[in-house]
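Novice: The structure file my_file.tsv (TSV, C-alpha atoms and all ligand atoms) is provided below.
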chain	number	residue	atom	x	y	z
A	1407	MET	CA	58.54	108.51	85.76
A	1408	LEU	CA	61.64	108.18	83.60
A	1409	ALA	CA	63.23	104.78	83.05
A	1410	ASP	CA	66.20	103.98	85.22
A	1411	THR	CA	68.06	101.83	82.71
A	1412	HIS	CA	71.53	103.28	82.34
A	1413	GLY	CA	74.51	102.49	84.53
A	1414	PRO	CA	77.30	104.86	85.42
A	1415	ALA	CA	79.65	106.13	82.72
A	1416	PRO	CA	82.80	104.11	82.05
A	1417	GLY	CA	85.04	104.67	85.04
A	1418	VAL	CA	87.88	107.14	84.99
A	1419	PRO	CA	90.89	105.22	86.27
A	1420	SER	CA	92.73	107.13	88.95
A	1421	PRO	CA	94.77	104.52	90.85
A	1422	ASP	CA	97.08	107.17	92.29
A	1423	GLY	CA	94.45	109.86	92.62
A	1424	GLU	CA	95.71	111.51	89.41
A	1425	ILE	CA	93.20	112.93	86.97
A	1426	ASP	CA	92.85	110.94	83.74
A	1427	LEU	CA	93.76	113.61	81.20
A	1428	ARG	CA	92.76	111.33	78.35
A	1429	HIS	CA	89.13	111.13	79.37
A	1430	HIS	CA	86.99	112.91	76.76
A	1431	GLY	CA	83.29	113.60	76.35
A	1432	ASP	CA	82.76	110.91	73.71
A	1433	ALA	CA	83.44	108.25	76.37
A	1434	GLU	CA	80.28	109.40	78.12
A	1435	ARG	CA	77.95	108.77	75.23
A	1436	GLY	CA	76.06	105.48	75.21
A	1437	PRO	CA	73.26	103.67	73.40
A	1438	GLY	CA	69.93	105.31	74.09
A	1439	LEU	CA	71.46	108.22	75.98
A	1440	LEU	CA	70.47	111.74	75.04
A	1441	ASP	CA	73.85	113.32	74.26
A	1442	PHE	CA	74.82	116.62	75.88
A	1443	ALA	CA	78.39	115.43	76.42
A	1444	VAL	CA	79.90	115.98	72.97
A	1445	ASN	CA	80.28	119.45	71.52
A	1446	VAL	CA	80.06	118.79	67.80
A	1447	ARG	CA	77.53	120.91	65.86
A	1448	GLU	CA	74.33	119.00	65.21
A	1449	GLY	CA	73.33	117.90	61.72
A	1450	THR	CA	76.87	117.96	60.41
A	1451	PRO	CA	78.66	117.50	58.11
A	1452	PRO	CA	76.28	119.32	55.76
A	1453	GLU	CA	75.39	117.42	52.60
A	1454	TRP	CA	77.43	119.70	50.30
A	1455	LEU	CA	80.53	118.96	52.37
A	1456	ALA	CA	79.86	115.22	52.68
A	1457	GLU	CA	79.51	115.14	48.88
A	1458	ARG	CA	82.90	116.83	48.40
A	1459	ILE	CA	84.50	114.33	50.77
A	1460	ARG	CA	82.86	111.37	49.01
A	1461	ALA	CA	84.03	112.66	45.62
A	1462	SER	CA	87.63	112.76	46.88
A	1463	VAL	CA	87.65	108.95	47.03
A	1464	ALA	CA	88.29	109.00	43.26
A	1465	ASP	CA	91.72	110.51	43.98
A	1466	LEU	CA	92.87	108.14	46.68
A	1467	ALA	CA	95.36	106.33	44.42
A	1468	ASP	CA	97.57	109.42	44.57
A	1469	TYR	CA	99.45	110.71	47.59
A	1470	PRO	CA	97.84	113.78	49.14
A	1471	ASP	CA	98.77	117.22	47.77
A	1472	PRO	CA	98.45	119.79	50.59
A	1473	ALA	CA	99.10	122.87	48.39
A	1474	PRO	CA	95.48	123.87	47.51
A	1475	ALA	CA	94.28	123.47	51.12
A	1476	ARG	CA	97.25	125.40	52.42
A	1477	GLN	CA	96.48	128.26	50.01
A	1478	ALA	CA	92.83	128.21	51.07
A	1479	VAL	CA	93.72	128.39	54.78
A	1480	ALA	CA	96.15	131.24	54.10
A	1481	ARG	CA	93.48	133.19	52.18
A	1482	ARG	CA	90.86	132.56	54.86
A	1483	HIS	CA	93.08	134.03	57.60
A	1484	ARG	CA	94.92	136.60	55.42
A	1485	ARG	CA	98.24	134.90	56.03
A	1486	ASP	CA	101.09	133.72	53.87
A	1487	PRO	CA	100.95	129.99	52.92
A	1488	ALA	CA	104.37	129.67	54.60
A	1489	ASP	CA	102.57	130.41	57.92
A	1490	VAL	CA	100.29	127.37	57.56
A	1491	LEU	CA	100.79	123.75	58.59
A	1492	LEU	CA	97.93	121.35	57.88
A	1493	THR	CA	97.50	118.77	60.63
A	1494	ALA	CA	95.46	115.67	61.37
A	1495	GLY	CA	93.23	117.66	63.71
A	1496	ALA	CA	94.37	119.97	66.48
A	1497	ALA	CA	95.40	116.83	68.38
A	1498	GLU	CA	98.29	116.23	65.99
A	1499	ALA	CA	99.45	119.82	66.50
A	1500	PHE	CA	99.67	119.26	70.28
A	1501	VAL	CA	101.86	116.22	69.68
A	1502	LEU	CA	104.11	118.01	67.19
A	1503	LEU	CA	104.61	120.90	69.60
A	1504	ALA	CA	105.46	118.48	72.40
A	1505	ARG	CA	107.95	116.64	70.22
A	1506	VAL	CA	109.68	119.67	68.76
A	1507	LEU	CA	109.80	122.18	71.61
A	1508	ARG	CA	112.20	121.82	74.52
A	1509	PRO	CA	110.45	123.97	77.12
A	1510	ARG	CA	112.28	124.69	80.37
A	1511	ARG	CA	109.06	125.84	81.98
A	1512	ALA	CA	105.83	124.78	80.30
A	1513	VAL	CA	102.60	126.22	81.66
A	1514	VAL	CA	99.09	125.07	80.78
A	1515	LEU	CA	96.28	127.40	81.78
A	1516	HIS	CA	93.42	125.45	83.31
A	1517	PRO	CA	90.63	124.59	83.28
A	1518	GLN	CA	91.03	123.72	79.61
A	1519	PHE	CA	91.08	120.81	77.18
A	1520	THR	CA	93.48	118.26	78.63
A	1521	GLU	CA	95.25	116.99	75.49
A	1522	PRO	CA	97.86	119.80	75.41
A	1523	GLU	CA	99.06	118.80	78.87
A	1524	SER	CA	98.77	115.12	78.06
A	1525	ALA	CA	100.90	115.51	74.89
A	1526	LEU	CA	103.60	117.41	76.80
A	1527	ARG	CA	103.69	114.86	79.61
A	1528	SER	CA	103.76	111.91	77.22
A	1529	VAL	CA	107.21	112.95	75.98
A	1530	GLY	CA	108.48	113.73	79.47
A	1531	HIS	CA	108.08	117.51	79.71
A	1532	PRO	CA	107.17	118.67	83.21
A	1533	VAL	CA	104.03	120.80	83.11
A	1534	GLU	CA	102.91	123.47	85.53
A	1535	ARG	CA	99.21	124.01	85.89
A	1536	VAL	CA	98.04	127.56	86.39
A	1537	VAL	CA	94.39	127.45	87.36
A	1538	GLN	CA	92.48	130.61	86.46
A	1539	GLN	CA	90.56	132.18	89.35
A	1540	GLU	CA	87.83	134.86	89.40
A	1541	GLY	CA	85.26	133.11	87.22
A	1542	PHE	CA	88.10	131.60	85.13
A	1543	ALA	CA	88.92	134.89	83.39
A	1544	LEU	CA	92.37	134.91	81.82
A	1545	ASP	CA	94.93	136.55	84.08
A	1546	PRO	CA	98.32	136.98	82.37
A	1547	GLY	CA	99.76	138.07	85.73
A	1548	ALA	CA	99.25	134.53	87.08
A	1549	VAL	CA	101.69	133.08	84.54
A	1550	PRO	CA	105.30	132.82	85.76
A	1551	PRO	CA	107.34	135.42	83.81
A	1552	ASP	CA	109.98	132.84	82.83
A	1553	ALA	CA	107.49	130.34	81.35
A	1554	ASP	CA	108.79	129.67	77.84
A	1555	LEU	CA	105.71	127.74	76.69
A	1556	VAL	CA	102.15	128.79	77.54
A	1557	MET	CA	99.04	127.00	76.31
A	1558	VAL	CA	95.55	128.46	76.41
A	1559	GLY	CA	92.24	127.79	74.68
A	1560	ASN	CA	89.98	130.47	73.18
A	1561	PRO	CA	87.07	130.08	73.58
A	1562	THR	CA	88.12	127.70	76.30
A	1563	ASN	CA	86.78	124.20	76.71
A	1564	PRO	CA	85.10	123.55	79.18
A	1565	THR	CA	84.45	127.08	80.52
A	1566	SER	CA	83.13	128.38	77.16
A	1567	LEU	CA	84.78	131.71	77.99
A	1568	LEU	CA	86.12	133.93	75.23
A	1569	HIS	CA	89.26	135.79	76.26
A	1570	PRO	CA	89.96	139.20	74.71
A	1571	ALA	CA	92.67	139.14	72.01
A	1572	LYS	CA	94.30	142.02	73.88
A	1573	THR	CA	94.71	139.89	77.01
A	1574	LEU	CA	96.06	136.99	74.97
A	1575	ALA	CA	98.63	139.29	73.41
A	1576	GLU	CA	99.75	140.29	76.93
A	1577	LEU	CA	100.77	136.67	77.45
A	1578	ALA	CA	103.36	136.87	74.68
A	1579	ARG	CA	106.98	137.80	75.22
A	1580	PRO	CA	110.30	137.22	73.49
A	1581	GLY	CA	111.56	133.67	73.97
A	1582	ARG	CA	108.11	132.31	74.80
A	1583	THR	CA	105.92	130.13	72.59
A	1584	LEU	CA	102.28	131.05	73.11
A	1585	VAL	CA	99.86	128.40	71.86
A	1586	VAL	CA	96.25	129.50	71.42
A	1587	ASP	CA	93.87	126.64	70.70
A	1588	GLU	CA	91.03	128.07	68.61
A	1589	ALA	CA	89.20	124.77	68.03
A	1590	PHE	CA	85.94	126.53	68.98
A	1591	ALA	CA	86.68	129.97	67.50
A	1592	ASP	CA	84.09	129.63	64.76
A	1593	CYS	CA	81.34	129.41	67.39
A	1594	VAL	CA	81.77	133.18	67.76
A	1595	PRO	CA	80.13	135.36	65.09
A	1596	GLY	CA	82.78	137.37	63.24
A	1597	GLU	CA	85.50	135.88	65.48
A	1598	PRO	CA	86.43	139.28	66.96
A	1599	GLU	CA	88.90	137.85	69.48
A	1600	SER	CA	90.61	135.39	67.13
A	1601	VAL	CA	94.35	135.88	66.78
A	1602	ALA	CA	94.58	133.54	63.76
A	1603	GLY	CA	95.40	136.45	61.45
A	1604	ARG	CA	97.95	138.11	63.76
A	1605	THR	CA	101.61	138.17	62.77
A	1606	ASP	CA	102.60	140.84	65.30
A	1607	ILE	CA	102.43	138.64	68.43
A	1608	PRO	CA	105.85	137.08	69.07
A	1609	GLY	CA	106.00	133.30	69.43
A	1610	LEU	CA	102.31	132.84	68.62
A	1611	VAL	CA	101.03	129.47	67.39
A	1612	VAL	CA	97.29	129.26	66.66
A	1613	LEU	CA	95.55	125.90	66.33
A	1614	ARG	CA	92.31	125.40	64.45
A	1615	SER	CA	90.09	122.38	63.93
A	1616	LEU	CA	87.34	121.30	61.53
A	1617	THR	CA	86.02	118.80	64.06
A	1618	LYS	CA	83.46	120.84	65.96
A	1619	THR	CA	81.74	123.16	63.52
A	1620	TRP	CA	81.78	120.77	60.59
A	1621	GLY	CA	81.13	117.48	62.39
A	1622	LEU	CA	84.34	115.85	61.16
A	1623	ALA	CA	85.89	114.29	64.26
A	1624	GLY	CA	86.52	111.05	62.38
A	1625	LEU	CA	88.23	112.72	59.42
A	1626	ARG	CA	91.07	114.32	61.42
A	1627	ALA	CA	91.38	117.76	59.86
A	1628	GLY	CA	92.86	120.94	61.27
A	1629	TYR	CA	95.78	123.30	60.89
A	1630	LEU	CA	98.11	125.65	62.70
A	1631	LEU	CA	99.25	129.17	61.95
A	1632	ALA	CA	102.65	130.42	63.08
A	1633	HIS	CA	105.87	132.07	61.96
A	1634	PRO	CA	107.34	130.19	58.95
A	1635	ASP	CA	110.36	129.04	61.03
A	1636	MET	CA	108.04	127.37	63.55
A	1637	VAL	CA	105.92	125.91	60.74
A	1638	HIS	CA	109.09	124.47	59.23
A	1639	ARG	CA	110.25	122.92	62.50
A	1640	LEU	CA	106.88	121.39	63.29
A	1641	GLY	CA	106.40	120.21	59.70
A	1642	ALA	CA	109.78	118.44	59.80
A	1643	ALA	CA	108.54	116.35	62.76
A	1644	GLN	CA	105.27	115.45	61.06
A	1645	PRO	CA	104.89	112.06	59.41
A	1646	LEU	CA	104.83	112.33	55.64
A	1647	TRP	CA	101.29	112.56	54.20
A	1648	SER	CA	99.83	112.82	57.65
A	1649	VAL	CA	96.73	114.65	56.39
A	1650	SER	CA	94.70	112.50	53.99
A	1651	THR	CA	93.22	113.65	50.68
A	1652	PRO	CA	89.62	113.70	52.03
A	1653	ALA	CA	90.77	115.83	54.99
A	1654	LEU	CA	92.57	118.22	52.63
A	1655	VAL	CA	89.50	118.51	50.41
A	1656	ALA	CA	87.37	119.28	53.48
A	1657	THR	CA	89.86	121.86	54.73
A	1658	GLU	CA	89.90	123.66	51.39
A	1659	ALA	CA	86.09	123.56	51.21
A	1660	CYS	CA	85.56	124.85	54.77
A	1661	CYS	CA	87.90	127.80	54.20
A	1662	ALA	CA	85.91	129.04	51.19
A	1663	PRO	CA	84.02	132.30	51.82
A	1664	GLU	CA	80.60	130.59	51.49
A	1665	ALA	CA	81.54	128.02	54.14
A	1666	VAL	CA	82.84	130.71	56.48
A	1667	ALA	CA	79.54	132.58	55.99
A	1668	GLU	CA	77.57	129.39	56.73
A	1669	ALA	CA	79.52	128.85	59.95
A	1670	ASP	CA	78.97	132.47	60.92
A	1671	ALA	CA	75.20	132.22	60.41
A	1672	TRP	CA	75.15	129.09	62.59
A	1673	ALA	CA	77.22	130.87	65.25
A	1674	ARG	CA	74.62	133.66	65.42
A	1675	GLU	CA	71.79	131.19	65.82
A	1676	LEU	CA	73.83	129.27	68.41
A	1677	GLY	CA	74.27	132.44	70.45
A	1678	ALA	CA	70.51	132.95	70.70
A	1679	ARG	CA	69.85	129.31	71.61
A	1680	ARG	CA	72.66	129.31	74.18
A	1681	ALA	CA	71.25	132.35	75.97
A	1682	GLY	CA	67.80	130.74	76.22
A	1683	PHE	CA	69.25	127.43	77.37
A	1684	ALA	CA	71.37	129.11	80.06
A	1685	GLY	CA	68.20	130.76	81.41
A	1686	GLU	CA	66.38	127.42	81.50
A	1687	LEU	CA	69.25	125.71	83.32
A	1688	ARG	CA	69.34	128.50	85.89
A	1689	ALA	CA	65.60	128.20	86.38
A	1690	ALA	CA	66.07	124.46	86.94
A	1691	GLY	CA	68.53	125.25	89.73
A	1692	LEU	CA	72.05	125.18	88.21
A	1693	ASP	CA	74.66	127.91	88.57
A	1694	VAL	CA	75.63	128.55	84.95
A	1695	LEU	CA	78.97	130.28	84.40
A	1696	PRO	CA	78.19	133.62	82.74
A	1697	GLY	CA	79.92	134.77	79.56
A	1698	ALA	CA	79.66	131.56	77.50
A	1699	ALA	CA	80.75	131.96	73.88
A	1700	ALA	CA	81.05	128.41	72.54
A	1701	SER	CA	78.66	125.55	71.79
A	1702	PHE	CA	78.41	124.45	75.44
A	1703	LEU	CA	77.80	125.77	78.92
A	1704	LEU	CA	79.69	125.13	82.14
A	1705	ALA	CA	77.44	124.81	85.16
A	1706	ARG	CA	77.64	123.86	88.78
A	1707	ALA	CA	75.11	122.09	90.96
A	1708	PRO	CA	74.73	124.17	94.12
A	1709	SER	CA	74.51	121.08	96.33
A	1710	GLY	CA	78.00	120.10	95.19
A	1711	GLU	CA	77.05	116.48	94.70
A	1712	ARG	CA	77.73	114.30	91.71
A	1713	LEU	CA	74.85	115.06	89.42
A	1714	TRP	CA	76.15	113.52	86.20
A	1715	PRO	CA	75.66	109.86	87.23
A	1716	ARG	CA	72.09	110.65	88.31
A	1717	LEU	CA	71.39	112.27	84.93
A	1718	ARG	CA	72.86	109.23	83.26
A	1719	GLU	CA	70.48	106.99	85.16
A	1720	HIS	CA	67.73	109.11	83.62
A	1721	GLY	CA	69.04	108.57	80.09
A	1722	ILE	CA	71.00	111.83	79.72
A	1723	ALA	CA	74.74	112.12	79.11
A	1724	VAL	CA	76.48	115.33	80.14
A	1725	ARG	CA	80.23	115.84	80.40
A	1726	ARG	CA	81.54	115.20	83.88
A	1727	CYS	CA	84.13	117.80	84.82
A	1728	ASP	CA	86.13	116.13	87.56
A	1729	THR	CA	88.68	115.20	84.88
A	1730	PHE	CA	89.48	118.88	84.24
A	1731	PRO	CA	92.19	120.30	86.52
A	1732	GLY	CA	90.67	123.20	88.44
A	1733	LEU	CA	87.12	121.80	88.40
A	1734	GLY	CA	85.47	119.08	90.46
A	1735	PRO	CA	82.57	116.66	90.68
A	1736	ASP	CA	79.92	119.34	91.07
A	1737	TRP	CA	80.67	120.87	87.66
A	1738	LEU	CA	79.03	119.81	84.40
A	1739	ARG	CA	79.66	120.74	80.79
A	1740	ILE	CA	76.47	120.73	78.78
A	1741	ALA	CA	76.25	121.07	74.99
A	1742	VAL	CA	73.70	123.49	73.53
A	1743	ARG	CA	71.13	121.36	71.69
A	1744	GLU	CA	67.79	121.80	69.98
A	1745	PRO	CA	64.77	122.74	72.18
A	1746	GLU	CA	63.18	119.27	72.33
A	1747	SER	CA	66.28	117.77	73.96
A	1748	THR	CA	66.99	120.74	76.20
A	1749	GLN	CA	63.43	120.68	77.55
A	1750	ARG	CA	63.86	117.06	78.58
A	1751	LEU	CA	67.15	117.83	80.28
A	1752	THR	CA	65.81	120.80	82.20
A	1753	ARG	CA	62.77	118.78	83.34
A	1754	VAL	CA	64.96	115.98	84.70
A	1755	LEU	CA	67.38	118.44	86.27
A	1756	ALA	CA	64.64	120.33	88.03
A	1757	GLN	CA	63.28	117.05	89.38
A	1758	LEU	CA	66.68	115.82	90.62
A	1759	LEU	CA	67.59	119.13	92.23
A	1760	TYR	CA	64.16	119.44	93.80
A	1761	GLU	CA	64.44	115.92	95.28
A	1762	ARG	CA	67.78	116.83	96.78
A	1763	VAL	CA	66.47	120.02	98.33
A	1764	GLY	CA	63.66	117.95	99.85
A	1765	ASP	CA	66.07	115.37	101.35
B	1801	LIG	C1	89.50	122.71	72.92
B	1801	LIG	C2	89.78	121.57	72.00
B	1801	LIG	N1	90.87	121.63	71.22
B	1801	LIG	C3	91.16	120.64	70.38
B	1801	LIG	C4	90.39	119.51	70.31
B	1801	LIG	C5	90.78	118.40	69.38
B	1801	LIG	O1	90.36	118.70	68.11
B	1801	LIG	P1	90.70	117.78	66.88
B	1801	LIG	O2	89.56	116.84	66.68
B	1801	LIG	O3	90.87	118.75	65.76
B	1801	LIG	O4	91.96	117.05	67.18
B	1801	LIG	C6	89.25	119.39	71.09
B	1801	LIG	C7	88.41	118.18	71.04
B	1801	LIG	O5	87.61	117.91	71.92
B	1801	LIG	C8	88.95	120.46	71.97
B	1801	LIG	O6	87.88	120.41	72.77
What does this structure look like when you write it as structure tokens?
Specialist:
Amino acid sequence: MLADTHGPAPGVPSPDGEIDLRHHGDAERGPGLLDFAVNVREGTPPEWLAERIRASVADLADYPDPAPARQAVARRHRRDPADVLLTAGAAEAFVLLARVLRPRRAVVLHPQFTEPESALRSVGHPVERVVQQEGFALDPGAVPPDADLVMVGNPTNPTSLLHPAKTLAELARPGRTLVVDEAFADCVPGEPESVAGRTDIPGLVVLRSLTKTWGLAGLRAGYLLAHPDMVHRLGAAQPLWSVSTPALVATEACCAPEAVAEADAWARELGARRAGFAGELRAAGLDVLPGAAASFLLARAPSGERLWPRLREHGIAVRRCDTFPGLGPDWLRIAVREPESTQRLTRVLAQLLYERVGD
């Protein structure tokens, strides 16, 4: 019998029935809880990277110099340095876009990470939600033709789906800014559907993050790739020295060919573990969304009841999904973890779902 020692997750305030777009997986972690809620790669940052970051402390008396990191990003994605803006994580890029753009019709494709919508709303831009149907596959036809700002994630959080680059390109059109959030792109070996290197897609802005693959959420490191005019406009709205020296050192290091190869090897291993885990979750009784490509799975409990608080009572934190537009309380996002943890989760799940069937 597992201990019943954990209360419900911190509440998600919804006084007016509105979804709290600022609720994120880290709020669901807690002391003693086995964490399947947060999607950061385990065992990171690697020691070689932590050492580089520590060494950068010696240079903190000087203001940050973004030039070497910018060059490294440009080389990594075969772009010109003028196409690169270094940011304090992808989150800063969402805010810069919201501050600089004046969209007449902004569309966010859901379900997806909620910060893009939150950033737009926080400066007063109305946002239209287009919820993807048919297993959440990307449907460019569902986007209003006159939308002049479209935001999409690839692979998408929380569906874990990887949209084809060809379909993404169909979303572009003259006069439209197309923002593709690739915070999880390096979960995919070889990144075949990444559009980070593309200069032929009009209005494209690609966001990247070091947070997930390198375990650097607290450092705030990321970047965006776009036409130099857009880079210039967004950069002009950015606070001076917004990206710290340690974040710049990490960005340069993670764009080196050896680091890219390390991430790629991990992505291959992740793919194998994810497939096994999906099978175990299905055997335990969950409907797992097929086609996952990132470091997490999206699953649904067939009974449609709230499963996440019950798991929490059993010492396991998963990401509730009722804070994602287009999903509801019967959906869960579950990070792919090492076998010891996943076995415990699947055992508890099977027990909870079995009890419910027997009700
Ligand atoms: C899809 C997606 N994009 C962007 C971010 C934010 O990344 P960063 O830490 O670089 O701001 C997250 C964090 O959860 C995310 O899930």
Novice: Which residues are near range 1677-1690 of chain A? Cut-off 12 Å, all atoms listed in the file, ignore same chain within fewer than 4 positions. Put them as a PyMOL selection string.
Specialist: chain A and resi 1566+1592-1595+1670-1673+1694-1708+1738-1760
Novice: Identify which of the residues A:Ala1669, A:Ala1575, A:Pro1522, A:Val1479 lies closest to Ala1591 in chain A, counting all atoms listed in the file when measuring atom-to-atom distances.
Specialist: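 Once distances to Ala1591 in chain A are computed over all atoms listed in the file, the minimum belongs to A:Ala1669.
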Novice: Would you mind listing the residues within 10 Å of ligand LIG 1801 (chain B), counting only C-alpha atoms and all ligand atoms, as a PyMOL selection string?
Specialist: chain A and resi 1430-1432+1444-1446+1493-1500+1518-1522+1558-1564+1566+1586-1591+1613-1618+1621-1629
Novice: Hey, can you check how far CA of Arg1718 in chain A sits from CA of Pro1735 in chain A?
Specialist: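 Answer for the CA of Arg1718 in chain A to CA of Pro1735 in chain A separation: 14.3 Å.
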Novice: For Met1636 in chain A, which of A:Thr1573, A:Thr1450, A:Thr1583, A:Gln1538 is the closest residue, counting all atoms listed in the file?
Specialist: A:Thr1583
Novice: Measuring atom to atom with only C-alpha atoms, identify which of A:Leu1568, A:Ala1525, A:Leu1491, A:Val1533 is nearest to Glu1597 in chain A.
Specialist: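 Once distances to Glu1597 in chain A are computed over only C-alpha atoms, the minimum belongs to A:Leu1568.
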Novice: For range 1711-1726 of chain A, I'd like the enclosing box, axis-aligned and padded by 8 Å on every side, reported as AutoDock Vina command-line options with centre and edge lengths in Å to one decimal.
Specialist:
--center_x 74.6 --center_y 111.7 --center_z 86.9 --size_x 29.8 --size_y 25.5 --size_z 31.6
Novice: At what distance in Å, to one decimal, does CA of Trp1737 in chain A lie from CA of Phe1442 in chain A?
Specialist: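 Atom-to-atom, CA of Phe1442 in chain A to CA of Trp1737 in chain A, that is 13.8 Å.
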Novice: For Leu1733 in chain A, which of A:Val1537, A:Ala1512, A:Val1637, A:Ala1548 is the closest residue, counting all atoms listed in the file?
Specialist: A:Val1537
Novice: What is the CA of Asp1486 in chain A-CA of Ala1632 in chain A distance in Å, reported with one decimal?
Specialist: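 A separation of 9.9 Å between them.
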Novice: Report as a list of chain:residue names all protein, DNA and RNA residues lying within 12 Å of Asp1465 in chain A, evaluated on all atoms listed in the file, omitting residues in the same chain fewer than 6 positions from it.
Specialist: A:Arg1458, A:Ile1459, A:Asp1471, A:Ser1650, A:Thr1651, A:Pro1652, A:Leu1654, A:Val1655
Novice: Identify which of the residues A:Ala1553, A:Leu1439, A:Ala1488, A:Ala1475 lies closest to Arg1511 in chain A, counting only C-alpha atoms when measuring atom-to-atom distances.
Specialist: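 Counting only C-alpha atoms, the residue closest to Arg1511 in chain A is A:Ala1553.
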Novice: Tell me which residues come within 10 Å of (89.9, 136.8, 57.0), as a list in words, counting all atoms listed in the file in the file's coordinates.
Specialist: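 The answer, in the requested form, is Val1479, Ala1480, Arg1481, Arg1482, His1483, Arg1484, Arg1485, Gly1596, Glu1597, Ala1602, Gly1603, Cys1661, Pro1663 and Val1666 of chain A.
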Novice: May I have the selected residues written with C-alpha atoms, as a short mmCIF file (atom, residue, chain, number, x, y, z; two decimals), in the coordinates of the input?
Specialist:
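Done, and the output landed in selection.cif:
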data_model
loop_
_atom_site.label_atom_id
_atom_site.label_comp_id
_atom_site.auth_asym_id
_atom_site.auth_seq_id
_atom_site.Cartn_x
_atom_site.Cartn_y
_atom_site.Cartn_z
CA VAL A 1479 93.72 128.39 54.78
CA ALA A 1480 96.15 131.24 54.10
CA ARG A 1481 93.48 133.19 52.18
CA ARG A 1482 90.86 132.56 54.86
CA HIS A 1483 93.08 134.03 57.60
CA ARG A 1484 94.92 136.60 55.42
CA ARG A 1485 98.24 134.90 56.03
CA GLY A 1596 82.78 137.37 63.24
CA GLU A 1597 85.50 135.88 65.48
CA ALA A 1602 94.58 133.54 63.76
CA GLY A 1603 95.40 136.45 61.45
CA CYS A 1661 87.90 127.80 54.20
CA PRO A 1663 84.02 132.30 51.82
CA VAL A 1666 82.84 130.71 56.48
#
Novice: Give me, as number ranges by chain, all polymer residues having an atom no more than 7 Å from Val1585 in chain A, counting all atoms listed in the file and skipping those fewer than 5 positions away in the same chain.
Specialist: A: 1556-1558, 1610-1612
Novice: Residues near Gly1732 in chain A, anyone? I mean within 10 Å using all atoms listed in the file, not counting same-chain ones fewer than 5 positions away, as a list in words.
Specialist: Leu1515, His1516, Pro1517, Gln1518, Arg1535, Val1536, Val1537, Gln1538, Gln1539, Phe1542 and Cys1727 of chain A
Novice: Go ahead and write the residues just picked, C-alpha atoms, as a PDB file, in the coordinates of the input.
Specialist:
ATOM      1  CA  LEU A1515      96.280 127.400  81.780  1.00  0.00           C
ATOM      2  CA  HIS A1516      93.420 125.450  83.310  1.00  0.00           C
ATOM      3  CA  PRO A1517      90.630 124.590  83.280  1.00  0.00           C
ATOM      4  CA  GLN A1518      91.030 123.720  79.610  1.00  0.00           C
ATOM      5  CA  ARG A1535      99.210 124.010  85.890  1.00  0.00           C
ATOM      6  CA  VAL A1536      98.040 127.560  86.390  1.00  0.00           C
ATOM      7  CA  VAL A1537      94.390 127.450  87.360  1.00  0.00           C
ATOM      8  CA  GLN A1538      92.480 130.610  86.460  1.00  0.00           C
ATOM      9  CA  GLN A1539      90.560 132.180  89.350  1.00  0.00           C
ATOM     10  CA  PHE A1542      88.100 131.600  85.130  1.00  0.00           C
ATOM     11  CA  CYS A1727      84.130 117.800  84.820  1.00  0.00           C
TER      12      CYS A1727
END
Novice: Pick the closest to Ser1462 in chain A from A:Ala1653, A:Phe1730, A:Glu1424, A:Arg1510: which is it, counting all atoms listed in the file?
Specialist: A:Ala1653
Novice: Sorted by chain and rising residue number, which residues of range 1466-1561 of chain A lie within 8 Å of range 1639-1647 of chain A, and what are their closest atom pairs and distances in Å to one decimal, counting all atoms listed in the file, as a Markdown table?
Specialist:
| residue | atom | partner | partner_atom | distance |
| --- | --- | --- | --- | --- |
| A:Tyr1469 | CA | A:Trp1647 | CA | 7.1 |
| A:Pro1470 | CA | A:Trp1647 | CA | 6.2 |
| A:Leu1491 | CA | A:Gly1641 | CA | 6.7 |
| A:Leu1502 | CA | A:Leu1640 | CA | 5.9 |
| A:Leu1503 | CA | A:Leu1640 | CA | 6.7 |
| A:Arg1505 | CA | A:Ala1643 | CA | 7.5 |
| A:Val1506 | CA | A:Leu1640 | CA | 6.4 |
